[in-house]
file my_file26.csv (CSV, C-alpha atoms and all ligand atoms)
chain,number,residue,atom,x,y,z
A,1,MET,CA,40.4,48.3,216.3
A,2,LYS,CA,41.7,49.7,213.1
A,3,ASP,CA,38.8,52.0,212.4
A,4,ILE,CA,40.1,55.0,214.4
A,5,GLN,CA,37.0,57.1,213.9
A,6,ILE,CA,34.7,54.5,215.4
A,7,LYS,CA,37.3,53.5,218.0
A,8,LYS,CA,37.4,57.1,219.2
A,9,LEU,CA,33.6,57.3,219.4
A,10,LEU,CA,33.4,54.0,221.3
A,11,GLU,CA,35.9,55.4,223.8
A,12,ALA,CA,34.0,58.6,224.1
A,13,GLU,CA,30.7,56.9,224.8
A,14,LYS,CA,32.4,54.6,227.4
A,15,LYS,CA,33.8,57.7,229.1
A,16,ARG,CA,30.4,59.5,228.9
A,17,GLN,CA,28.6,56.5,230.5
A,18,LYS,CA,31.2,56.4,233.3
A,19,LYS,CA,31.0,60.1,234.0
A,20,VAL,CA,27.3,60.7,234.3
A,21,ILE,CA,24.7,59.8,236.8
A,22,ASN,CA,22.3,57.7,234.8
A,23,LEU,CA,18.7,57.9,235.9
A,24,ILE,CA,17.1,56.8,232.6
A,25,ALA,CA,14.5,54.3,233.9
A,26,SER,CA,14.9,52.0,230.9
A,27,GLU,CA,18.8,51.8,230.8
A,28,ASN,CA,21.3,49.7,232.6
A,29,TYR,CA,25.0,48.6,232.5
A,30,VAL,CA,25.6,45.0,231.2
A,31,SER,CA,28.4,42.8,232.3
A,32,LYS,CA,31.6,42.1,230.4
A,33,ASP,CA,30.3,38.6,229.6
A,34,VAL,CA,27.2,40.0,228.0
A,35,LEU,CA,29.4,42.4,225.9
A,36,GLU,CA,31.6,39.5,224.9
A,37,ALA,CA,28.7,37.4,223.7
A,38,LEU,CA,27.4,40.4,221.7
A,39,GLY,CA,30.8,40.8,220.0
A,40,SER,CA,31.2,37.2,219.2
A,41,GLU,CA,31.4,35.3,215.9
A,42,LEU,CA,27.8,34.3,216.2
A,43,THR,CA,27.0,37.5,214.4
A,44,ASN,CA,28.3,35.9,211.2
A,45,LYS,CA,25.7,33.2,211.2
A,46,TYR,CA,22.3,33.0,209.4
A,47,ALA,CA,19.8,30.8,211.2
A,48,GLU,CA,16.3,31.4,209.9
A,49,GLY,CA,13.9,29.0,211.6
A,50,TYR,CA,14.0,27.6,215.1
A,51,PRO,CA,16.3,25.1,216.9
A,52,GLY,CA,16.3,21.8,214.9
A,53,LYS,CA,14.3,23.4,212.1
A,54,ARG,CA,16.6,25.8,210.2
A,55,TYR,CA,16.8,26.8,206.6
A,56,TYR,CA,20.6,27.0,206.5
A,57,GLY,CA,23.2,24.4,207.3
A,58,GLY,CA,25.9,24.9,210.0
A,59,ASN,CA,23.6,25.6,212.9
A,60,GLU,CA,24.7,22.9,215.3
A,61,VAL,CA,26.2,25.5,217.7
A,62,VAL,CA,23.5,28.1,217.2
A,63,ASP,CA,20.8,25.5,218.0
A,64,LYS,CA,22.5,24.9,221.3
A,65,VAL,CA,22.8,28.6,222.1
A,66,GLU,CA,19.2,29.3,221.3
A,67,SER,CA,18.0,26.3,223.2
A,68,LEU,CA,20.0,27.4,226.3
A,69,ALA,CA,18.5,30.8,226.1
A,70,ILE,CA,15.0,29.3,226.0
A,71,GLU,CA,15.7,26.9,228.9
A,72,ARG,CA,17.2,29.8,231.0
A,73,ALA,CA,14.3,32.1,230.3
A,74,LEU,CA,11.7,29.6,231.5
A,75,LYS,CA,13.8,28.7,234.5
A,76,LEU,CA,14.4,32.3,235.6
A,77,PHE,CA,10.7,33.0,235.9
A,78,GLY,CA,9.9,29.6,237.4
A,79,LEU,CA,8.0,28.3,234.4
A,80,LYS,CA,7.5,24.7,233.2
A,81,GLU,CA,8.2,23.8,229.6
A,82,GLU,CA,4.8,22.0,229.3
A,83,GLU,CA,3.0,25.1,230.5
A,84,TRP,CA,4.8,28.0,228.8
A,85,HIS,CA,6.4,28.6,225.4
A,86,VAL,CA,9.1,31.2,224.9
A,87,ASN,CA,10.4,32.9,221.7
A,88,VAL,CA,13.8,34.5,222.1
A,89,GLN,CA,14.2,35.9,218.6
A,90,ALA,CA,12.4,39.2,218.7
A,91,LEU,CA,14.9,41.9,218.1
A,92,SER,CA,13.6,44.3,220.8
A,93,GLY,CA,10.4,45.3,222.6
A,94,SER,CA,8.5,47.0,219.8
A,95,PRO,CA,8.9,44.1,217.3
A,96,ALA,CA,8.0,41.6,220.1
A,97,ASN,CA,4.7,43.4,220.8
A,98,LEU,CA,4.0,43.7,217.1
A,99,ALA,CA,4.6,40.0,216.7
A,100,VAL,CA,2.0,39.2,219.3
A,101,TYR,CA,-0.7,41.4,217.6
A,102,VAL,CA,0.2,40.0,214.2
A,103,ALA,CA,-0.3,36.5,215.6
A,104,LEU,CA,-3.4,37.0,217.7
A,105,VAL,CA,-5.3,40.1,216.9
A,106,PRO,CA,-7.4,40.2,213.7
A,107,GLN,CA,-6.6,43.0,211.4
A,108,GLY,CA,-8.5,46.1,212.5
A,109,GLY,CA,-9.3,44.5,215.8
A,110,LYS,CA,-9.1,46.3,219.2
A,111,ILE,CA,-6.0,46.5,221.4
A,112,MET,CA,-6.9,47.8,224.8
A,113,GLY,CA,-3.8,49.6,226.2
A,114,MET,CA,-2.9,52.4,228.5
A,115,SER,CA,-2.7,55.8,226.8
A,116,LEU,CA,0.8,57.0,226.1
A,117,ASP,CA,0.2,60.2,228.1
A,118,GLN,CA,-0.8,58.2,231.1
A,119,GLY,CA,2.2,55.9,231.2
A,120,GLY,CA,1.5,53.4,228.4
A,121,HIS,CA,3.8,52.5,225.5
A,122,LEU,CA,3.6,53.5,221.8
A,123,THR,CA,3.2,49.8,220.9
A,124,HIS,CA,0.2,49.4,223.1
A,125,GLY,CA,-1.9,50.8,220.2
A,126,HIS,CA,-0.9,54.4,220.0
A,127,LYS,CA,-1.9,56.0,216.7
A,128,VAL,CA,1.6,57.0,215.6
A,129,SER,CA,2.8,53.4,216.0
A,130,ALA,CA,2.0,50.6,213.5
A,131,THR,CA,0.1,49.0,216.3
A,132,GLY,CA,-2.4,52.0,216.1
A,133,LYS,CA,-2.5,52.0,212.3
A,134,PHE,CA,-3.3,48.4,211.7
A,135,TRP,CA,-5.4,47.9,214.9
A,136,THR,CA,-7.6,50.3,216.9
A,137,GLN,CA,-6.6,51.3,220.4
A,138,VAL,CA,-9.1,51.2,223.2
A,139,PRO,CA,-7.3,53.5,225.7
A,140,TYR,CA,-7.5,53.3,229.5
A,141,GLY,CA,-5.7,55.2,232.2
A,142,VAL,CA,-5.2,56.2,235.8
A,143,ASN,CA,-7.6,57.9,238.2
A,144,LYS,CA,-7.2,61.7,238.0
A,145,LEU,CA,-7.0,62.1,241.8
A,146,THR,CA,-5.0,59.2,242.9
A,147,GLU,CA,-2.9,58.8,239.7
A,148,VAL,CA,-3.1,55.0,240.1
A,149,LEU,CA,-4.8,52.5,237.8
A,150,ASP,CA,-8.6,52.6,238.0
A,151,TYR,CA,-9.4,48.9,237.7
A,152,ASP,CA,-13.2,49.4,237.9
A,153,GLU,CA,-13.1,51.8,235.0
A,154,LEU,CA,-10.8,49.5,233.1
A,155,LYS,CA,-13.1,46.5,233.5
A,156,GLU,CA,-16.1,48.7,232.5
A,157,ILE,CA,-14.3,49.8,229.3
A,158,ALA,CA,-13.2,46.2,228.5
A,159,THR,CA,-16.8,44.9,229.0
A,160,ARG,CA,-18.2,47.6,226.7
A,161,GLU,CA,-15.5,47.5,224.0
A,162,LYS,CA,-14.7,43.8,223.9
A,163,PRO,CA,-11.1,44.2,222.8
A,164,ALA,CA,-9.2,41.2,221.3
A,165,ILE,CA,-6.4,41.8,223.8
A,166,ILE,CA,-5.8,43.8,226.9
A,167,VAL,CA,-2.3,45.0,227.4
A,168,GLY,CA,-1.0,45.7,230.9
A,169,GLY,CA,2.6,46.7,231.9
A,170,TYR,CA,3.7,50.3,231.3
A,171,THR,CA,6.7,52.6,230.7
A,172,ALA,CA,5.9,55.4,233.1
A,173,TYR,CA,3.8,53.8,235.9
A,174,PRO,CA,5.6,53.7,239.2
A,175,ARG,CA,3.1,51.6,241.2
A,176,GLU,CA,2.5,47.9,241.7
A,177,ILE,CA,0.2,46.5,239.1
A,178,ASP,CA,-2.7,44.2,240.2
A,179,PHE,CA,-2.4,41.5,237.6
A,180,LYS,CA,-5.4,39.6,239.0
A,181,LYS,CA,-7.6,42.6,238.4
A,182,LEU,CA,-6.4,42.8,234.8
A,183,ARG,CA,-7.2,39.1,234.4
A,184,GLU,CA,-10.7,39.8,235.7
A,185,ALA,CA,-11.2,42.5,233.1
A,186,ALA,CA,-9.9,40.1,230.4
A,187,ASP,CA,-12.3,37.4,231.5
A,188,ALA,CA,-15.2,39.8,231.7
A,189,SER,CA,-14.7,40.8,228.1
A,190,GLY,CA,-13.4,37.6,226.5
A,191,ALA,CA,-10.0,39.2,225.7
A,192,LEU,CA,-6.5,37.8,225.9
A,193,LEU,CA,-4.3,39.3,228.6
A,194,MET,CA,-0.8,40.3,227.6
A,195,ILE,CA,1.6,41.8,230.1
A,196,ASP,CA,4.5,43.8,228.8
A,197,MET,CA,6.8,43.6,231.8
A,198,SER,CA,9.7,45.2,230.0
A,199,HIS,CA,10.3,47.8,232.8
A,200,ILE,CA,9.8,45.5,235.8
A,201,ALA,CA,11.3,42.2,234.4
A,202,GLY,CA,14.4,42.4,236.6
A,203,LEU,CA,12.3,43.1,239.6
A,204,VAL,CA,10.1,40.1,238.9
A,205,ALA,CA,13.1,37.9,238.3
A,206,GLY,CA,14.6,39.1,241.6
A,207,LYS,CA,11.3,38.5,243.5
A,208,ALA,CA,11.0,42.2,244.3
A,209,TYR,CA,7.7,42.6,242.3
A,210,PRO,CA,4.7,40.3,241.8
A,211,SER,CA,5.0,37.9,238.8
A,212,PRO,CA,2.4,38.3,236.0
A,213,PHE,CA,2.7,34.7,234.9
A,214,GLU,CA,-0.1,33.4,237.1
A,215,TYR,CA,-2.6,35.6,235.3
A,216,ALA,CA,-1.4,36.4,231.8
A,217,ASP,CA,-1.8,34.5,228.5
A,218,ILE,CA,1.2,36.3,227.0
A,219,VAL,CA,4.1,38.0,228.6
A,220,THR,CA,6.5,40.2,226.6
A,221,THR,CA,9.6,41.8,227.9
A,222,THR,CA,12.7,43.6,226.8
A,223,VAL,CA,15.9,42.2,228.3
A,224,HIS,CA,17.9,45.5,228.7
A,225,LYS,CA,16.1,47.4,231.4
A,226,THR,CA,16.0,46.2,235.0
A,227,LEU,CA,16.9,42.7,233.7
A,228,ARG,CA,20.3,44.1,232.8
A,229,GLY,CA,20.9,42.2,229.5
A,230,PRO,CA,21.5,43.1,225.9
A,231,ARG,CA,18.9,45.0,223.8
A,232,SER,CA,16.5,42.2,222.9
A,233,ALA,CA,13.1,40.8,223.9
A,234,LEU,CA,11.4,37.6,225.0
A,235,ILE,CA,7.8,36.6,224.2
A,236,PHE,CA,6.2,34.0,226.6
A,237,ALA,CA,2.9,32.4,225.7
A,238,LYS,CA,0.8,29.9,227.6
A,239,ASN,CA,0.9,26.4,226.2
A,240,ASP,CA,-2.6,25.1,225.6
A,241,THR,CA,-5.0,24.2,222.8
A,242,ARG,CA,-5.0,27.8,221.6
A,243,GLU,CA,-1.5,27.2,220.3
A,244,LEU,CA,-0.5,30.8,221.1
A,245,GLY,CA,3.2,30.1,221.0
A,246,LYS,CA,3.1,28.4,217.6
A,247,LYS,CA,1.2,31.4,216.2
A,248,ILE,CA,3.7,33.8,217.8
A,249,ASP,CA,6.7,31.9,216.4
A,250,ARG,CA,5.2,32.1,212.9
A,251,ALA,CA,4.6,35.8,213.3
A,252,VAL,CA,8.2,36.5,214.4
A,253,PHE,CA,9.6,34.3,211.6
A,254,PRO,CA,8.7,34.3,208.7
A,255,GLY,CA,6.1,36.9,209.5
A,256,LEU,CA,8.2,39.9,210.6
A,257,GLN,CA,11.8,39.0,210.8
A,258,GLY,CA,14.5,37.0,208.9
A,259,GLY,CA,17.6,35.6,210.5
A,260,PRO,CA,17.7,35.9,214.3
A,261,HIS,CA,20.6,37.7,215.8
A,262,GLU,CA,22.2,34.7,217.5
A,263,ASN,CA,25.0,36.8,219.1
A,264,GLN,CA,22.3,38.8,220.8
A,265,ILE,CA,20.5,35.6,221.8
A,266,ALA,CA,23.8,34.3,223.4
A,267,ALA,CA,24.1,37.5,225.3
A,268,VAL,CA,20.4,37.1,226.5
A,269,ALA,CA,21.3,33.6,227.7
A,270,VAL,CA,24.3,35.1,229.7
A,271,ALA,CA,22.1,37.8,231.2
A,272,LEU,CA,19.4,35.3,232.2
A,273,LYS,CA,22.0,33.2,234.0
A,274,GLU,CA,23.3,36.3,235.8
A,275,ALA,CA,19.8,37.2,236.8
A,276,SER,CA,19.2,33.7,238.4
A,277,ALA,CA,22.1,34.1,240.8
A,278,PRO,CA,21.3,35.0,244.4
A,279,ALA,CA,23.1,38.3,244.1
A,280,PHE,CA,20.5,39.4,241.6
A,281,LYS,CA,17.8,39.2,244.3
A,282,LYS,CA,19.8,41.6,246.4
A,283,TYR,CA,20.2,43.9,243.4
A,284,ALA,CA,16.5,43.9,242.6
A,285,SER,CA,15.6,44.7,246.2
A,286,GLN,CA,18.2,47.5,246.3
A,287,ILE,CA,16.8,49.0,243.1
A,288,LYS,CA,13.5,49.4,244.9
A,289,LYS,CA,15.0,50.7,248.1
A,290,ASN,CA,17.0,53.3,246.1
A,291,ALA,CA,13.9,54.4,244.2
A,292,LYS,CA,11.9,54.8,247.4
A,293,THR,CA,14.6,56.9,249.0
A,294,LEU,CA,15.0,59.1,245.9
A,295,ALA,CA,11.2,59.6,245.7
A,296,ASP,CA,10.9,60.3,249.4
A,297,GLU,CA,13.8,62.8,249.4
A,298,LEU,CA,12.5,64.7,246.4
A,299,ASP,CA,9.1,64.8,248.0
A,300,LYS,CA,10.6,66.2,251.2
A,301,LYS,CA,12.2,68.9,249.1
A,302,GLY,CA,8.8,69.9,247.7
A,303,TRP,CA,8.7,68.2,244.3
A,304,ARG,CA,5.4,66.5,243.5
A,305,ILE,CA,5.8,62.7,243.1
A,306,ILE,CA,3.1,61.3,240.8
A,307,SER,CA,0.8,58.9,242.7
A,308,GLY,CA,2.7,59.9,245.9
A,309,GLY,CA,5.5,57.4,245.6
A,310,THR,CA,6.8,54.3,243.9
A,311,ASP,CA,6.7,50.5,244.2
A,312,SER,CA,9.3,49.8,241.6
A,313,HIS,CA,12.5,51.2,240.0
A,314,LEU,CA,10.7,54.2,238.5
A,315,ILE,CA,9.6,57.6,239.7
A,316,LEU,CA,7.6,60.2,237.9
A,317,VAL,CA,8.1,63.7,239.1
A,318,ASP,CA,5.9,66.7,238.4
A,319,THR,CA,8.6,69.4,238.0
A,320,TRP,CA,6.2,71.9,236.5
A,321,MET,CA,3.7,72.0,239.4
A,322,GLU,CA,1.3,74.2,237.6
A,323,GLY,CA,3.9,76.8,236.8
A,324,LYS,CA,5.5,76.9,240.2
A,325,GLY,CA,8.5,74.8,239.0
A,326,VAL,CA,10.3,74.1,235.7
A,327,SER,CA,9.0,72.3,232.7
A,328,GLY,CA,10.1,68.7,232.0
A,329,LYS,CA,12.4,69.7,229.1
A,330,ASP,CA,14.0,72.5,231.1
A,331,ALA,CA,14.5,70.2,234.0
A,332,SER,CA,16.0,67.4,231.8
A,333,ASP,CA,18.3,70.0,230.0
A,334,ARG,CA,19.5,71.6,233.2
A,335,LEU,CA,20.2,68.2,234.8
A,336,GLU,CA,22.1,67.0,231.7
A,337,LYS,CA,24.4,70.0,231.8
A,338,GLU,CA,25.3,69.0,235.4
A,339,GLY,CA,25.9,65.3,234.4
A,340,ILE,CA,22.6,63.8,235.6
A,341,ILE,CA,20.8,62.1,232.7
A,342,VAL,CA,17.0,61.7,232.9
A,343,ASN,CA,14.1,61.9,230.4
A,344,LYS,CA,11.4,64.5,230.2
A,345,ASN,CA,8.0,62.8,230.5
A,346,ALA,CA,4.3,63.6,230.4
A,347,ILE,CA,2.4,63.3,233.7
A,348,PRO,CA,-1.1,61.9,233.8
A,349,PHE,CA,-3.6,64.5,232.4
A,350,ASP,CA,-0.7,66.7,231.3
A,351,THR,CA,-1.7,70.1,230.0
A,352,ARG,CA,1.7,70.7,228.4
A,353,PRO,CA,2.8,69.4,225.0
A,354,PRO,CA,4.7,66.1,224.7
A,355,ALA,CA,7.9,67.8,223.5
A,356,ASP,CA,8.0,69.9,226.7
A,357,PRO,CA,5.8,68.1,229.2
A,358,SER,CA,5.3,68.7,232.9
A,359,GLY,CA,7.6,66.1,234.3
A,360,ILE,CA,10.6,63.9,234.3
A,361,ARG,CA,11.0,60.1,234.7
A,362,LEU,CA,13.7,58.7,236.9
A,363,GLY,CA,14.9,55.2,237.4
A,364,THR,CA,17.4,53.6,239.7
A,365,ALA,CA,18.4,50.3,237.9
A,366,ALA,CA,21.5,51.7,236.3
A,367,GLU,CA,23.0,53.4,239.3
A,368,THR,CA,22.2,50.5,241.5
A,369,THR,CA,24.3,48.3,239.2
A,370,ARG,CA,27.1,50.8,239.9
A,371,GLY,CA,26.7,50.1,243.6
A,372,LYS,CA,24.7,53.1,244.7
A,373,LYS,CA,22.8,52.8,247.9
A,374,GLU,CA,20.2,54.9,249.9
A,375,LYS,CA,22.8,57.4,251.1
A,376,ASP,CA,23.9,58.1,247.5
A,377,MET,CA,20.2,58.6,246.5
A,378,LYS,CA,19.9,61.3,249.2
A,379,LYS,CA,22.9,63.1,247.7
A,380,ILE,CA,21.4,62.7,244.2
A,381,ALA,CA,18.1,64.1,245.4
A,382,GLU,CA,20.0,67.1,246.9
A,383,ARG,CA,21.8,67.7,243.6
A,384,ILE,CA,18.6,67.5,241.6
A,385,ASP,CA,16.8,69.9,243.9
A,386,ALA,CA,19.7,72.4,243.8
A,387,ILE,CA,19.9,72.3,240.0
A,388,LEU,CA,16.2,72.7,239.4
A,389,ARG,CA,16.0,75.6,241.9
A,390,LYS,CA,18.9,77.6,240.4
A,401,LIG,N1,12.2,53.5,225.4
A,401,LIG,C1,11.6,52.7,226.5
A,401,LIG,C2,11.5,53.4,227.7
A,401,LIG,O1,12.3,54.3,227.9
A,401,LIG,O2,10.6,53.1,228.5
A,401,LIG,C3,10.4,52.0,226.1
A,401,LIG,O3,10.5,51.6,224.8
call {"tool": "encode", "arguments": {"input": "my_file26.csv", "output": "structure tokens"}}
result
Amino acid sequence: MKDIQIKKLLEAEKKRQKKVINLIASENYVSKDVLEALGSELTNKYAEGYPGKRYYGGNEVVDKVESLAIERALKLFGLKEEEWHVNVQALSGSPANLAVYVALVPQGGKIMGMSLDQGGHLTHGHKVSATGKFWTQVPYGVNKLTEVLDYDELKEIATREKPAIIVGGYTAYPREIDFKKLREAADASGALLMIDMSHIAGLVAGKAYPSPFEYADIVTTTVHKTLRGPRSALIFAKNDTRELGKKIDRAVFPGLQGGPHENQIAAVAVALKEASAPAFKKYASQIKKNAKTLADELDKKGWRIISGGTDSHLILVDTWMEGKGVSGKDASDRLEKEGIIVNKNAIPFDTRPPADPSGIRLGTAAETTRGKKEKDMKKIAERIDAILRK
């Protein structure tokens, strides 16, 4: 590379990533093949439209790339083309969710999503996101005592509020989601059911977590978390007379985006193939084993694990413990100084402000990619404990 300034920064970031222990629950390390596709000449091409229906010439290769990504996305999650449609052009998770609402929720209509402070995502209707400005959020959350989803309350809220769409799938919820119960709430209220499986997609692909496809009308996911692909997103929609997929395609392009990033789509295709290999099943199961070990070890050392454990790659730790411990920001800063990267995170019913909440969120997908096993998690838990108790 001739640009010395950027070259140095790229090298510095590569070094940083190698040096730290990465427990950011939404990050991962992609393969060289994924990086190669991202850095390919496909970035030079404009391809507004969809395979076979483009607005520019010269898309014979691009069409094949995008069709392959579509084919692999369906195959990875065991879906038949006649039953499911998939759009692979959304640039990332937030635009993907926005596209679903633009397509399927009337302006000003209700989006029922988990509150941000309980583990939901900004794009599930939070007021600071466009999704909370153009639509109205009907919030739901977890039970105060158990810190797990309260499905009875959720169904009650849905029946009363009659949202256009119920969004399940979360950013800081460690437990298994009962997709069937979410379906029941959707049926009771006449709502569509959308599952944002961004965090758990790799676990679903690796059969280490239940699949939402049996119950959902729409499934969105980023590709770069447990699924270990490039930053991008997929939107799946059930194929039936409601024509959800057609409406979503139109919302993505021309509704919200212009030319798709075909280099990114090629990288998605690579990652989807990698995730369909038998080794990925082992990887997904190891992610969970590692998370369980890390949670158990921190628990033994006296840290409060939200909901008492984890069924996924993600752990939420109450580090504040009503003033007996350290705040989430303090914990995250101290850990970073010692080379352990986490994010501060609100815990359910947090009494502290979002900028300095009561907890931290940990995830094991990235370190599992680097070959870490249970014994390593024990050492990491020891280091975390020692740093936080200094
Ligand atoms: N930023 C992602 C996460 O960390 O969960 C969600 O957008």
call {"tool": "closest_atom_pairs", "arguments": {"input": "my_file26.csv", "of": "chain A", "to": "ligand LIG 401 (chain A)", "cutoff": "9 Å", "atoms": "only C-alpha atoms and all ligand atoms", "output": "tab-separated table"}}
result
residue	atom	partner	partner_atom	distance
A:Ile24	CA	A:LIG401	O1	7.2
A:Ala25	CA	A:LIG401	O1	6.4
A:Ser26	CA	A:LIG401	O1	4.6
A:Glu27	CA	A:LIG401	O1	7.5
A:Ser92	CA	A:LIG401	O3	8.9
A:Gly93	CA	A:LIG401	O3	6.7
A:Ser94	CA	A:LIG401	O3	7.1
A:His121	CA	A:LIG401	C3	6.6
A:Leu122	CA	A:LIG401	O3	7.8
A:Thr123	CA	A:LIG401	O3	8.5
A:Tyr170	CA	A:LIG401	O2	8.0
A:Thr171	CA	A:LIG401	O2	4.5
A:Ala172	CA	A:LIG401	O2	7.0
A:Ser198	CA	A:LIG401	C3	7.9
A:His199	CA	A:LIG401	O2	6.8
A:Thr222	CA	A:LIG401	O3	8.5
A:Lys225	CA	A:LIG401	C2	8.4
A:Asn343	CA	A:LIG401	O1	8.2
call {"tool": "closest_residue", "arguments": {"input": "my_file26.csv", "among": "A:Lys18, A:Lys329, A:Lys273, A:His261", "to": "Glu41 of chain A", "atoms": "only C-alpha atoms"}}
result
A:His261
call {"tool": "residues_near_point", "arguments": {"input": "my_file26.csv", "point": "(17.4, 58.4, 248.6)", "cutoff": "10 Å", "atoms": "all atoms listed in the file", "output": "number ranges by chain"}}
result
A: 289-298, 372-382
call {"tool": "residues_around", "arguments": {"input": "my_file26.csv", "residues": "Gly168 of chain A", "least_positions_apart": "5", "cutoff": "8 Å", "atoms": "all atoms listed in the file", "output": "ChimeraX atom specification"}}
result
/A:113-114,182,193-196
call {"tool": "atom_distance", "arguments": {"input": "my_file26.csv", "atom1": "atom CA of Pro260 of chain A", "atom2": "atom CA of Asp240 of chain A"}}
result
25.6 Å
call {"tool": "residues_around", "arguments": {"input": "my_file26.csv", "residues": "Glu176 of chain A", "least_positions_apart": "3", "cutoff": "10 Å", "atoms": "all atoms listed in the file", "output": "short mmCIF file (atom, residue, chain, number, x, y, z; two decimals) with C-alpha atoms, keeping the file's coordinate frame"}}
result
data_model
loop_
_atom_site.label_atom_id
_atom_site.label_comp_id
_atom_site.auth_asym_id
_atom_site.auth_seq_id
_atom_site.Cartn_x
_atom_site.Cartn_y
_atom_site.Cartn_z
CA VAL A 148 -3.10 55.00 240.10
CA LEU A 149 -4.80 52.50 237.80
CA GLY A 169 2.60 46.70 231.90
CA TYR A 173 3.80 53.80 235.90
CA PHE A 179 -2.40 41.50 237.60
CA ILE A 200 9.80 45.50 235.80
CA TYR A 209 7.70 42.60 242.30
CA PRO A 210 4.70 40.30 241.80
CA THR A 310 6.80 54.30 243.90
CA ASP A 311 6.70 50.50 244.20
CA SER A 312 9.30 49.80 241.60
#
call {"tool": "closest_residue", "arguments": {"input": "my_file26.csv", "among": "A:Lys337, A:Lys180, A:Arg242, A:Lys247", "to": "Tyr215 of chain A", "atoms": "only C-alpha atoms"}}
result
A:Lys180
call {"tool": "atom_distance", "arguments": {"input": "my_file26.csv", "atom1": "atom CA of Asp33 of chain A", "atom2": "atom CA of Glu274 of chain A"}}
result
9.6 Å
call {"tool": "closest_residue", "arguments": {"input": "my_file26.csv", "among": "A:Asp249, A:Asp350, A:Asp187, A:Glu322", "to": "Ala96 of chain A", "atoms": "all atoms listed in the file"}}
result
A:Asp249
call {"tool": "closest_residue", "arguments": {"input": "my_file26.csv", "among": "A:Val252, A:Ala277, A:Ile111, A:Val61", "to": "Gly206 of chain A", "atoms": "only C-alpha atoms"}}
result
A:Ala277
call {"tool": "residues_around", "arguments": {"input": "my_file26.csv", "residues": "Glu71 of chain A", "least_positions_apart": "5", "cutoff": "10 Å", "atoms": "all atoms listed in the file", "output": "NGL selection string"}}
result
:A and (65-66 or 76 or 79-81 or 86 or 269 or 272)
call {"tool": "write_last_selection", "arguments": {"input": "my_file26.csv", "atoms": "C-alpha atoms", "output": "compact mmCIF listing (two decimals), in the coordinates of the input"}}
result
# COMPACT_ATOMS: atom_id res chain seq x y z
CA VAL A 65 22.80 28.60 222.10
CA GLU A 66 19.20 29.30 221.30
CA LEU A 76 14.40 32.30 235.60
CA LEU A 79 8.00 28.30 234.40
CA LYS A 80 7.50 24.70 233.20
CA GLU A 81 8.20 23.80 229.60
CA VAL A 86 9.10 31.20 224.90
CA ALA A 269 21.30 33.60 227.70
CA LEU A 272 19.40 35.30 232.20
call {"tool": "closest_residue", "arguments": {"input": "my_file26.csv", "among": "A:Val326, A:Leu9, A:Ser31, A:Ile341", "to": "Lys390 of chain A", "atoms": "all atoms listed in the file"}}
result
A:Val326
call {"tool": "residues_around", "arguments": {"input": "my_file26.csv", "residues": "Thr364 of chain A", "least_positions_apart": "2", "cutoff": "7 Å", "atoms": "all atoms listed in the file", "output": "ChimeraX atom specification"}}
result
/A:23,25,287,290-291,313-314,362,366-368
call {"tool": "residues_near_point", "arguments": {"input": "my_file26.csv", "point": "(11.3, 69.1, 240.0)", "cutoff": "7 Å", "atoms": "all atoms listed in the file", "output": "MDAnalysis selection string"}}
result
chainID A and resid 303 317:320 325:326 331 385 388
call {"tool": "atom_distance", "arguments": {"input": "my_file26.csv", "atom1": "atom CA of Ser211 of chain A", "atom2": "atom CA of Trp84 of chain A"}}
result
14.1 Å
call {"tool": "residues_around", "arguments": {"input": "my_file26.csv", "residues": "Asp63 of chain A", "least_positions_apart": "2", "cutoff": "12 Å", "atoms": "all atoms listed in the file", "output": "number ranges by chain"}}
result
A: 42, 45-54, 56-61, 65-70, 260, 262, 265-266
call {"tool": "decode", "arguments": {"input": "my_file26.csv", "residues": "segment 9-16 of chain A", "atoms": "N, CA and C atoms", "output": "short mmCIF file (atom, residue, chain, number, x, y, z; two decimals), in the first residue's frame"}}
result
data_model
loop_
_atom_site.label_atom_id
_atom_site.label_comp_id
_atom_site.auth_asym_id
_atom_site.auth_seq_id
_atom_site.Cartn_x
_atom_site.Cartn_y
_atom_site.Cartn_z
N LEU A 9 -1.89 2.65 10.14
CA LEU A 9 -3.08 2.48 10.99
C LEU A 9 -3.65 1.06 10.85
N LEU A 10 -3.64 0.55 9.62
CA LEU A 10 -4.13 -0.83 9.42
C LEU A 10 -3.25 -1.81 10.20
N GLU A 11 -1.96 -1.59 10.15
CA GLU A 11 -1.05 -2.48 10.88
C GLU A 11 -1.26 -2.36 12.39
N ALA A 12 -1.49 -1.13 12.83
CA ALA A 12 -1.70 -0.91 14.28
C ALA A 12 -2.97 -1.62 14.75
N GLU A 13 -4.02 -1.55 13.93
CA GLU A 13 -5.28 -2.20 14.32
C GLU A 13 -5.12 -3.72 14.31
N LYS A 14 -4.39 -4.23 13.32
CA LYS A 14 -4.16 -5.67 13.26
C LYS A 14 -3.43 -6.13 14.53
N LYS A 15 -2.44 -5.36 14.90
CA LYS A 15 -1.64 -5.68 16.10
C LYS A 15 -2.53 -5.61 17.35
N ARG A 16 -3.35 -4.54 17.41
CA ARG A 16 -4.23 -4.39 18.58
C ARG A 16 -5.15 -5.59 18.71
#
